[in-house]
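Structure data follow from upload-v6.csv (CSV, C-alpha atoms):
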chain,number,residue,atom,x,y,z
A,26,MET,CA,-19.5,3.7,-27.8
A,27,ALA,CA,-17.8,3.3,-31.2
A,28,GLN,CA,-15.1,5.9,-30.3
A,29,ILE,CA,-14.3,4.1,-27.0
A,30,SER,CA,-14.0,0.8,-28.9
A,31,HIS,CA,-11.6,2.4,-31.4
A,32,VAL,CA,-9.3,3.9,-28.7
A,33,ASP,CA,-9.6,0.7,-26.6
A,34,PRO,CA,-8.0,2.0,-23.3
A,35,ASP,CA,-7.1,-0.2,-20.4
A,36,ILE,CA,-8.4,2.3,-18.0
A,37,LEU,CA,-11.4,4.4,-19.0
A,38,ILE,CA,-12.5,7.5,-17.1
A,39,LEU,CA,-16.1,8.5,-18.0
A,40,ALA,CA,-17.6,11.9,-17.3
A,41,ASN,CA,-21.2,13.1,-17.7
A,42,ILE,CA,-22.5,9.6,-17.1
A,43,ASP,CA,-25.7,9.6,-14.9
A,44,TYR,CA,-25.3,7.8,-11.6
A,45,ASP,CA,-28.0,5.4,-10.4
A,46,HIS,CA,-27.9,3.5,-7.1
A,47,GLY,CA,-27.9,0.1,-8.7
A,48,HIS,CA,-25.3,1.0,-11.3
A,49,ALA,CA,-27.6,-0.2,-14.0
A,50,ALA,CA,-26.4,2.3,-16.6
A,51,LEU,CA,-22.7,1.6,-16.0
A,52,THR,CA,-23.4,-2.2,-16.1
A,53,GLU,CA,-25.2,-2.0,-19.4
A,54,LEU,CA,-22.5,0.2,-20.9
A,55,ASN,CA,-19.8,-2.2,-19.8
A,56,ALA,CA,-21.8,-5.1,-21.3
A,57,GLN,CA,-22.1,-3.4,-24.7
A,58,LEU,CA,-18.4,-2.5,-24.8
A,59,ALA,CA,-17.6,-6.1,-24.1
A,60,GLU,CA,-19.2,-7.0,-27.4
A,61,THR,CA,-16.5,-5.3,-29.4
A,62,ILE,CA,-13.4,-5.0,-27.1
A,63,ALA,CA,-11.8,-6.8,-24.2
A,64,PRO,CA,-14.1,-6.5,-21.1
A,65,TYR,CA,-13.5,-4.2,-18.1
A,66,PRO,CA,-13.9,-6.5,-15.1
A,67,HIS,CA,-13.2,-3.7,-12.6
A,68,ARG,CA,-15.3,-0.6,-12.2
A,69,PHE,CA,-16.1,2.2,-9.7
A,70,THR,CA,-18.7,4.8,-9.4
A,71,ALA,CA,-20.2,6.7,-6.5
A,72,ARG,CA,-22.9,9.3,-6.0
A,73,PRO,CA,-21.7,12.6,-7.2
A,74,ASN,CA,-22.4,16.1,-5.9
A,75,THR,CA,-24.2,17.0,-9.1
A,76,GLY,CA,-27.9,17.3,-8.5
A,77,LEU,CA,-27.5,16.6,-4.8
A,78,SER,CA,-30.2,18.9,-3.4
A,79,THR,CA,-29.8,21.6,-0.8
A,80,PRO,CA,-32.6,23.6,0.9
A,81,PHE,CA,-30.9,26.9,0.0
A,82,ASP,CA,-30.9,29.5,-2.8
A,83,ILE,CA,-27.3,28.7,-3.8
A,84,ASP,CA,-27.2,30.8,-6.9
A,85,GLY,CA,-28.9,33.8,-5.4
A,86,ASP,CA,-31.8,34.1,-7.9
A,87,GLY,CA,-34.5,34.2,-5.1
A,88,ARG,CA,-35.7,30.6,-5.7
A,89,THR,CA,-34.8,27.3,-4.2
A,90,GLY,CA,-35.0,23.7,-5.4
A,91,ARG,CA,-33.7,24.4,-8.9
A,92,PRO,CA,-30.7,22.8,-10.7
A,93,ARG,CA,-28.3,25.5,-9.6
A,94,ASP,CA,-29.3,25.2,-6.0
A,95,ALA,CA,-27.9,21.7,-5.8
A,96,GLN,CA,-24.3,21.0,-4.6
A,97,GLY,CA,-23.4,20.8,-8.3
A,98,TYR,CA,-25.6,21.7,-11.2
A,99,GLY,CA,-28.0,18.9,-11.9
A,100,LEU,CA,-31.7,18.2,-12.7
A,101,PHE,CA,-31.6,15.2,-10.3
A,102,SER,CA,-29.3,13.5,-7.9
A,103,GLY,CA,-26.6,11.7,-10.0
A,104,ASP,CA,-27.1,13.9,-13.1
A,105,GLY,CA,-23.8,13.9,-15.0
A,106,GLY,CA,-21.6,11.8,-12.6
A,107,MET,CA,-18.4,10.0,-13.2
A,108,ALA,CA,-17.3,6.4,-13.5
A,109,ILE,CA,-14.1,4.3,-13.9
A,110,LEU,CA,-13.8,1.1,-16.0
A,111,SER,CA,-10.6,-0.8,-15.8
A,112,ARG,CA,-8.8,-3.9,-16.9
A,113,LYS,CA,-6.4,-3.5,-14.0
A,114,PRO,CA,-7.7,-4.2,-10.5
A,115,ILE,CA,-9.2,-1.3,-8.6
A,116,LEU,CA,-8.1,-1.4,-5.0
A,117,SER,CA,-11.6,-0.6,-3.7
A,118,ASP,CA,-10.8,-0.7,0.0
A,119,GLN,CA,-8.2,2.0,-0.5
A,120,ILE,CA,-10.3,4.5,-2.5
A,121,ARG,CA,-10.4,8.0,-0.9
A,122,ASP,CA,-13.2,10.5,-1.7
A,123,LEU,CA,-12.5,14.2,-1.1
A,124,SER,CA,-15.9,15.3,-2.5
A,125,THR,CA,-17.4,16.3,0.8
A,126,ILE,CA,-14.8,19.0,1.6
A,127,LEU,CA,-16.6,22.3,2.2
A,128,TRP,CA,-15.5,25.1,0.0
A,129,LYS,CA,-14.9,27.4,3.1
A,130,ASP,CA,-12.6,24.7,4.6
A,131,LEU,CA,-10.2,24.6,1.6
A,132,PRO,CA,-7.0,26.4,2.7
A,133,ASP,CA,-7.0,30.0,1.3
A,134,ALA,CA,-10.4,29.4,-0.3
A,135,ARG,CA,-11.5,32.3,-2.6
A,136,LEU,CA,-15.2,32.6,-1.9
A,137,PRO,CA,-17.4,34.8,-4.1
A,138,GLN,CA,-18.4,38.3,-3.0
A,139,THR,CA,-20.9,41.0,-4.1
A,140,GLY,CA,-19.3,44.3,-3.4
A,141,ASN,CA,-17.4,43.8,-0.2
A,142,GLN,CA,-19.9,41.4,1.2
A,143,PRO,CA,-20.0,37.5,1.1
A,144,PHE,CA,-22.2,36.2,-1.7
A,145,PHE,CA,-23.1,33.1,0.4
A,146,SER,CA,-24.9,33.2,3.7
A,147,GLU,CA,-23.4,31.5,6.7
A,148,ASP,CA,-26.0,28.7,6.3
A,149,ILE,CA,-24.9,28.1,2.7
A,150,LEU,CA,-21.2,28.2,3.6
A,151,ASN,CA,-21.8,25.4,6.1
A,152,VAL,CA,-23.1,23.0,3.4
A,153,GLN,CA,-21.5,24.2,0.1
A,154,ARG,CA,-18.9,21.7,-1.1
A,155,VAL,CA,-16.0,22.7,-3.3
A,156,SER,CA,-16.5,19.7,-5.7
A,157,THR,CA,-19.0,20.3,-8.4
A,158,THR,CA,-19.1,16.6,-9.3
A,159,ALA,CA,-16.4,14.7,-7.2
A,160,HIS,CA,-12.7,14.5,-6.4
A,161,TRP,CA,-11.7,10.8,-6.2
A,162,ILE,CA,-8.4,9.1,-5.4
A,163,ILE,CA,-8.6,5.7,-7.1
A,164,PRO,CA,-5.7,3.2,-6.5
A,165,ILE,CA,-5.1,0.9,-9.4
A,166,ASP,CA,-2.9,-2.3,-9.2
A,167,ALA,CA,-1.0,-1.7,-12.4
A,168,GLY,CA,1.3,-4.7,-12.2
A,169,PRO,CA,4.7,-3.7,-11.2
A,170,ARG,CA,3.3,-1.0,-8.8
A,171,THR,CA,0.2,0.8,-7.6
A,172,ILE,CA,-0.8,4.1,-9.2
A,173,GLU,CA,-3.5,6.5,-8.0
A,174,LEU,CA,-5.9,8.2,-10.3
A,175,LEU,CA,-6.9,11.7,-9.3
A,176,VAL,CA,-10.2,12.1,-11.0
A,177,PHE,CA,-12.5,15.1,-11.1
A,178,HIS,CA,-15.0,17.1,-13.2
A,179,ALA,CA,-14.9,20.8,-12.4
A,180,SER,CA,-17.5,23.4,-12.9
A,181,PRO,CA,-17.4,25.5,-16.1
A,182,PRO,CA,-16.2,29.0,-15.1
A,183,VAL,CA,-19.3,30.6,-16.7
A,184,PHE,CA,-23.1,30.7,-16.2
A,185,ASP,CA,-22.9,33.0,-13.2
A,186,GLY,CA,-22.9,36.7,-12.4
A,187,PRO,CA,-20.4,39.4,-11.4
A,188,GLU,CA,-19.6,37.5,-8.2
A,189,ASP,CA,-17.9,34.9,-10.5
A,190,ARG,CA,-19.2,32.1,-8.3
A,191,ASN,CA,-18.4,29.4,-11.0
A,192,GLY,CA,-15.1,30.9,-12.0
A,193,LEU,CA,-13.8,31.0,-8.4
A,194,ARG,CA,-15.1,27.5,-7.8
A,195,ASN,CA,-13.5,26.1,-10.9
A,196,ALA,CA,-10.2,27.6,-9.8
A,197,ASP,CA,-10.5,26.1,-6.3
A,198,GLU,CA,-11.5,22.7,-7.6
A,199,ILE,CA,-8.2,22.7,-9.6
A,200,ARG,CA,-6.3,24.1,-6.6
A,201,LEU,CA,-7.6,21.3,-4.4
A,202,TRP,CA,-5.4,18.8,-6.3
A,203,GLN,CA,-2.4,21.1,-5.9
A,204,LEU,CA,-3.0,21.3,-2.1
A,205,PHE,CA,-3.2,17.5,-2.1
A,206,LEU,CA,0.0,17.0,-4.0
A,207,ASN,CA,1.8,19.5,-1.8
A,208,GLY,CA,0.7,17.7,1.4
A,209,LYS,CA,-1.5,20.5,2.5
A,210,LEU,CA,-4.6,18.4,3.1
A,211,PRO,CA,-5.2,15.6,5.7
A,212,GLU,CA,-5.1,13.1,2.7
A,213,LYS,CA,-1.8,12.8,1.0
A,214,PRO,CA,-0.4,10.9,-2.1
A,215,ALA,CA,0.5,7.3,-1.3
A,216,HIS,CA,1.6,6.3,-4.8
A,217,PRO,CA,2.6,7.8,-8.2
A,218,VAL,CA,-0.5,9.7,-9.5
A,219,ILE,CA,-2.2,10.3,-12.8
A,220,LEU,CA,-4.4,13.4,-12.6
A,221,SER,CA,-7.2,13.3,-15.1
A,222,GLY,CA,-10.6,14.9,-15.7
A,223,VAL,CA,-12.7,17.5,-17.3
A,224,VAL,CA,-11.0,20.6,-15.9
A,225,ASN,CA,-13.1,23.0,-18.0
A,226,LEU,CA,-10.3,25.6,-18.2
A,227,ASP,CA,-8.1,26.4,-21.2
A,228,PRO,CA,-4.7,27.8,-20.5
A,229,VAL,CA,-5.1,30.6,-23.2
A,230,ASP,CA,-8.5,30.9,-24.6
A,231,GLY,CA,-12.1,31.1,-23.2
A,232,GLN,CA,-13.1,32.3,-19.8
A,233,GLY,CA,-11.9,31.4,-16.4
A,234,ARG,CA,-9.0,32.1,-14.0
A,235,LYS,CA,-6.0,31.0,-16.0
A,236,LYS,CA,-3.5,31.0,-13.1
A,237,ALA,CA,-5.2,27.9,-11.7
A,238,ILE,CA,-4.5,25.7,-14.8
A,239,HIS,CA,-1.1,27.3,-15.3
A,240,ASP,CA,-0.1,26.4,-11.8
A,241,LEU,CA,-1.4,22.8,-12.2
A,242,LEU,CA,0.4,22.3,-15.5
A,243,ALA,CA,3.7,23.6,-13.9
A,244,HIS,CA,3.4,21.4,-10.7
A,245,PRO,CA,6.7,19.7,-10.1
A,246,SER,CA,5.1,16.3,-9.4
A,247,LEU,CA,3.3,16.2,-12.8
A,248,GLN,CA,4.2,16.2,-16.5
A,249,ASP,CA,2.1,17.4,-19.4
A,250,PRO,CA,2.3,15.1,-22.4
A,251,GLU,CA,0.4,17.7,-24.5
A,252,PRO,CA,-1.8,15.3,-26.5
A,253,ARG,CA,-2.5,16.5,-30.0
A,254,SER,CA,-4.9,15.8,-32.9
A,255,ASP,CA,-5.1,16.6,-36.6
A,256,GLY,CA,-8.8,17.3,-36.2
A,257,GLY,CA,-8.3,20.0,-33.6
A,258,LYS,CA,-5.7,21.7,-35.8
A,259,ALA,CA,-8.0,21.6,-38.9
A,260,ALA,CA,-10.9,23.0,-36.9
A,261,ALA,CA,-8.9,26.0,-35.5
A,262,ASP,CA,-10.7,29.1,-34.4
A,263,LEU,CA,-9.1,32.0,-36.1
A,264,ASP,CA,-9.6,34.3,-33.1
A,265,HIS,CA,-8.0,32.0,-30.6
A,266,ARG,CA,-4.3,32.3,-29.5
A,267,GLY,CA,-3.7,28.7,-28.2
A,268,ASP,CA,-2.4,25.8,-30.2
A,269,PRO,CA,-5.5,24.3,-31.8
A,270,ALA,CA,-3.9,20.9,-32.0
A,271,LEU,CA,-4.1,20.7,-28.2
A,272,ASP,CA,-7.9,21.5,-28.1
A,273,THR,CA,-10.0,18.7,-26.6
A,274,ALA,CA,-13.5,20.0,-27.1
A,275,ASP,CA,-15.4,21.2,-30.1
A,276,TRP,CA,-18.4,23.6,-29.5
A,277,PRO,CA,-19.7,24.0,-33.0
A,278,ASP,CA,-21.6,27.2,-32.5
A,279,GLY,CA,-18.4,29.2,-32.1
A,280,ASP,CA,-18.9,30.3,-28.5
A,281,PRO,CA,-16.7,29.5,-26.7
A,282,GLY,CA,-15.2,27.7,-29.7
A,283,ASN,CA,-12.7,24.9,-29.5
A,284,LEU,CA,-10.8,24.7,-26.2
A,285,ARG,CA,-8.3,22.5,-24.3
A,286,VAL,CA,-10.4,21.6,-21.3
A,287,ASP,CA,-9.7,17.8,-20.7
A,288,TYR,CA,-6.4,16.7,-19.3
A,289,ILE,CA,-4.3,13.7,-18.4
A,290,LEU,CA,-1.3,14.7,-16.3
A,291,PRO,CA,0.9,11.7,-15.2
A,292,ASP,CA,3.4,11.6,-12.4
A,293,ARG,CA,6.9,12.6,-13.4
A,294,SER,CA,8.1,9.2,-12.3
A,295,LEU,CA,6.1,7.5,-15.1
A,296,THR,CA,7.3,7.3,-18.7
A,297,VAL,CA,5.0,8.7,-21.4
A,298,GLU,CA,5.4,6.5,-24.5
A,299,ASN,CA,2.6,8.2,-26.6
A,300,ALA,CA,-0.3,10.5,-26.2
A,301,GLY,CA,-3.1,11.9,-28.4
A,302,ILE,CA,-6.6,13.1,-28.8
A,303,PHE,CA,-9.0,11.0,-30.9
A,304,TRP,CA,-10.1,13.7,-33.3
A,305,PRO,CA,-9.2,12.6,-36.8
A,306,ASP,CA,-9.3,14.8,-39.9
A,307,PRO,CA,-11.7,14.3,-41.6
A,308,LEU,CA,-14.1,12.9,-39.0
A,309,PRO,CA,-15.5,9.5,-39.9
A,310,PRO,CA,-19.3,9.8,-39.8
A,311,ASP,CA,-19.7,6.2,-38.5
A,312,LEU,CA,-17.8,7.2,-35.4
A,313,PHE,CA,-18.7,10.9,-34.9
A,314,GLY,CA,-22.1,11.2,-36.6
A,315,GLU,CA,-22.9,13.5,-39.5
A,316,ASP,CA,-22.6,16.6,-37.3
A,317,GLY,CA,-19.4,15.4,-35.6
A,318,GLN,CA,-21.2,15.5,-32.2
A,319,ALA,CA,-22.4,12.0,-31.7
A,320,ALA,CA,-20.6,11.7,-28.4
A,321,GLY,CA,-20.9,15.4,-27.5
A,322,PRO,CA,-18.3,18.2,-27.8
A,323,HIS,CA,-15.5,16.5,-25.8
A,324,ARG,CA,-13.0,14.2,-27.6
A,325,ILE,CA,-11.3,11.2,-26.0
A,326,VAL,CA,-7.8,12.1,-24.6
A,327,TRP,CA,-5.4,9.2,-24.2
A,328,VAL,CA,-1.9,8.6,-22.9
A,329,ASP,CA,0.2,5.4,-23.1
A,330,LEU,CA,2.4,5.0,-20.0
A,331,LYS,CA,5.3,2.7,-19.1
A,332,LEU,CA,5.6,2.0,-15.4
A,333,PRO,CA,9.0,1.8,-13.7
Could you rewrite the structure in this file as structure tokens?
Amino acid sequence: MAQISHVDPDILILANIDYDHGHAALTELNAQLAETIAPYPHRFTARPNTGLSTPFDIDGDGRTGRPRDAQGYGLFSGDGGMAILSRKPILSDQIRDLSTILWKDLPDARLPQTGNQPFFSEDILNVQRVSTTAHWIIPIDAGPRTIELLVFHASPPVFDGPEDRNGLRNADEIRLWQLFLNGKLPEKPAHPVILSGVVNLDPVDGQGRKKAIHDLLAHPSLQDPEPRSDGGKAAADLDHRGDPALDTADWPDGDPGNLRVDYILPDRSLTVENAGIFWPDPLPPDLFGEDGQAAGPHRIVWVDLKLP
């Protein structure tokens, strides 16, 4: 809460916020933020795939009804969802939700295998969505023109077996946006975009299929403002090869260490005036807690944009 108030963005994308049908949690958060900064009169959230139960043994451990057997990992439906708070009007009647796309229906989907056999049964393939949490297209009336937020929270490419189920899913969740931008899906961009979310893939360090994030960062429709922080540079992992100033998350136990896993990638038609990661050095305990983890391992990534 204190960190959000310090950064004070006009549009706030929240990840790992539990979803409830009446939006009570988001309403209360919004009310508390309004006590310290200008209010957010516009908001959006929807039921995520996290915790959405299936009747199948999705992870192949011989049991059903467990967190990894849901559409996306979750202890309950709505566990760790997403939400948008905005001072600019959200064009709710134009929101598009790609979260129900089946993994098998994604063009050129790379589905997990064990040996030369499919990891998923036909029944699972007929229900398994590619989105761990959600893929949303959120139009924002930004004054001179409309922009579209492309928002998602991808699966971490770990916590699986030799079939690399989560690694492959993470890569295809990222690739879904590339297909969208390339006009390869039924839904297509209608306005300049800002792609943002917890991508859970570092271009250099940590696990995962690096080609997915390299291809996204190199997409001709997008630009990478490369937000930086002094705190990330000061907390560098000596065994990592990536620029630590670009890291956006701090896992203090050293595994996987600090990584760049959170991104804001604006449309090339938009002018980036400034960008950064709220990770000061030293960390003020009143904002980050004595252990530096008051708001979890992820830091706030921000970008100031000028619209044409």
* **Counting all atoms listed in the file, the option among A:Phe184, A:Trp304, A:Phe313, A:Trp202 closest to A:Leu290** =>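 Closest to A:Leu290, using all atoms listed in the file: A:Trp202.
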* Close residues, stretch 170-180 of chain A itself excluded, 7 Å, all atoms listed in the file, min 5 positions apart in chain, as a list in words -> Ser156, Thr157, Thr158, Ala159, His160, Trp161, Ile162, Ile163, Pro164, Ile165, Asn191, Arg194, Asn195, Glu198, His216, Pro217, Val218, Ile219, Leu220, Ser221, Gly222, Val223, Val224 and Asn225 of chain A
* At what distance in Å, to one decimal, does atom CA of A:Pro291 lie from atom CA of A:Asp249? -> 7.2 Å
* **Distance query stretch 137-144 of chain A at most 12 Å, all atoms listed in the file, self and fewer than 2 positions along chain excluded, as a PyMOL selection string** => chain A and resi 82-86+128-129+134-135+146-150+185-197
* Near A:Ala40, counting all atoms listed in the file, which residues have an atom at most 7 Å away, once you skip same-chain residues fewer than 6 positions from it, shown as a PyMOL selection string? -> chain A and resi 105-108
* **Counting only C-alpha atoms, the residue of A:Lys235, A:Lys258, A:Ile289, A:Arg154 that sits nearest A:Leu127** =>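 With only C-alpha atoms as the atom set, the closest residue is A:Arg154.
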Residues at most 10 Å from A:Pro269, counting all atoms listed in the file, excluding those fewer than 3 positions away in the same chain, as a PDB file with C-alpha atoms, in the coordinates of the input?
ATOM      1  CA  ARG A 253      -2.500  16.500 -30.000  1.00  0.00           C
ATOM      2  CA  SER A 254      -4.900  15.800 -32.900  1.00  0.00           C
ATOM      3  CA  ASP A 255      -5.100  16.600 -36.600  1.00  0.00           C
ATOM      4  CA  GLY A 256      -8.800  17.300 -36.200  1.00  0.00           C
ATOM      5  CA  GLY A 257      -8.300  20.000 -33.600  1.00  0.00           C
ATOM      6  CA  LYS A 258      -5.700  21.700 -35.800  1.00  0.00           C
ATOM      7  CA  ALA A 259      -8.000  21.600 -38.900  1.00  0.00           C
ATOM      8  CA  ALA A 260     -10.900  23.000 -36.900  1.00  0.00           C
ATOM      9  CA  ALA A 261      -8.900  26.000 -35.500  1.00  0.00           C
ATOM     10  CA  ASP A 262     -10.700  29.100 -34.400  1.00  0.00           C
ATOM     11  CA  LEU A 263      -9.100  32.000 -36.100  1.00  0.00           C
ATOM     12  CA  HIS A 265      -8.000  32.000 -30.600  1.00  0.00           C
ATOM     13  CA  ARG A 266      -4.300  32.300 -29.500  1.00  0.00           C
ATOM     14  CA  ASP A 272      -7.900  21.500 -28.100  1.00  0.00           C
ATOM     15  CA  THR A 273     -10.000  18.700 -26.600  1.00  0.00           C
ATOM     16  CA  ASN A 283     -12.700  24.900 -29.500  1.00  0.00           C
ATOM     17  CA  LEU A 284     -10.800  24.700 -26.200  1.00  0.00           C
ATOM     18  CA  ARG A 285      -8.300  22.500 -24.300  1.00  0.00           C
TER      19      ARG A 285
END
* Asked: Could you work out how far atom CA of A:Asp104 lies from atom CA of A:Thr89, giving the answer in Å with one decimal?
  ->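 Calculated distance between atom CA of A:Thr89 and atom CA of A:Asp104 is 17.8 Å.
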* Rounded to one decimal in Å, what is the spacing between atom CA of A:Tyr98 and atom CA of A:Pro181? ->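 For atom CA of A:Tyr98 relative to atom CA of A:Pro181, the distance reads 10.3 Å.
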* Can you pull out every residue within 10 Å of A:Val297, counting only C-alpha atoms, but drop anything in the same chain fewer than 2 positions away, and send it as a list in words? =>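 That gives Gln248, Asp249, Pro250, Pro291, Asp292, Arg293, Ser294, Leu295, Asn299, Ala300, Val328, Asp329, Leu330, Lys331 and Leu332 of chain A.
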* Which one of A:Ile199, A:Ile109, A:Phe81, A:Glu60 sits closest to A:Phe145 if you count all atoms listed in the file? ->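 Nearest to A:Phe145: A:Phe81.
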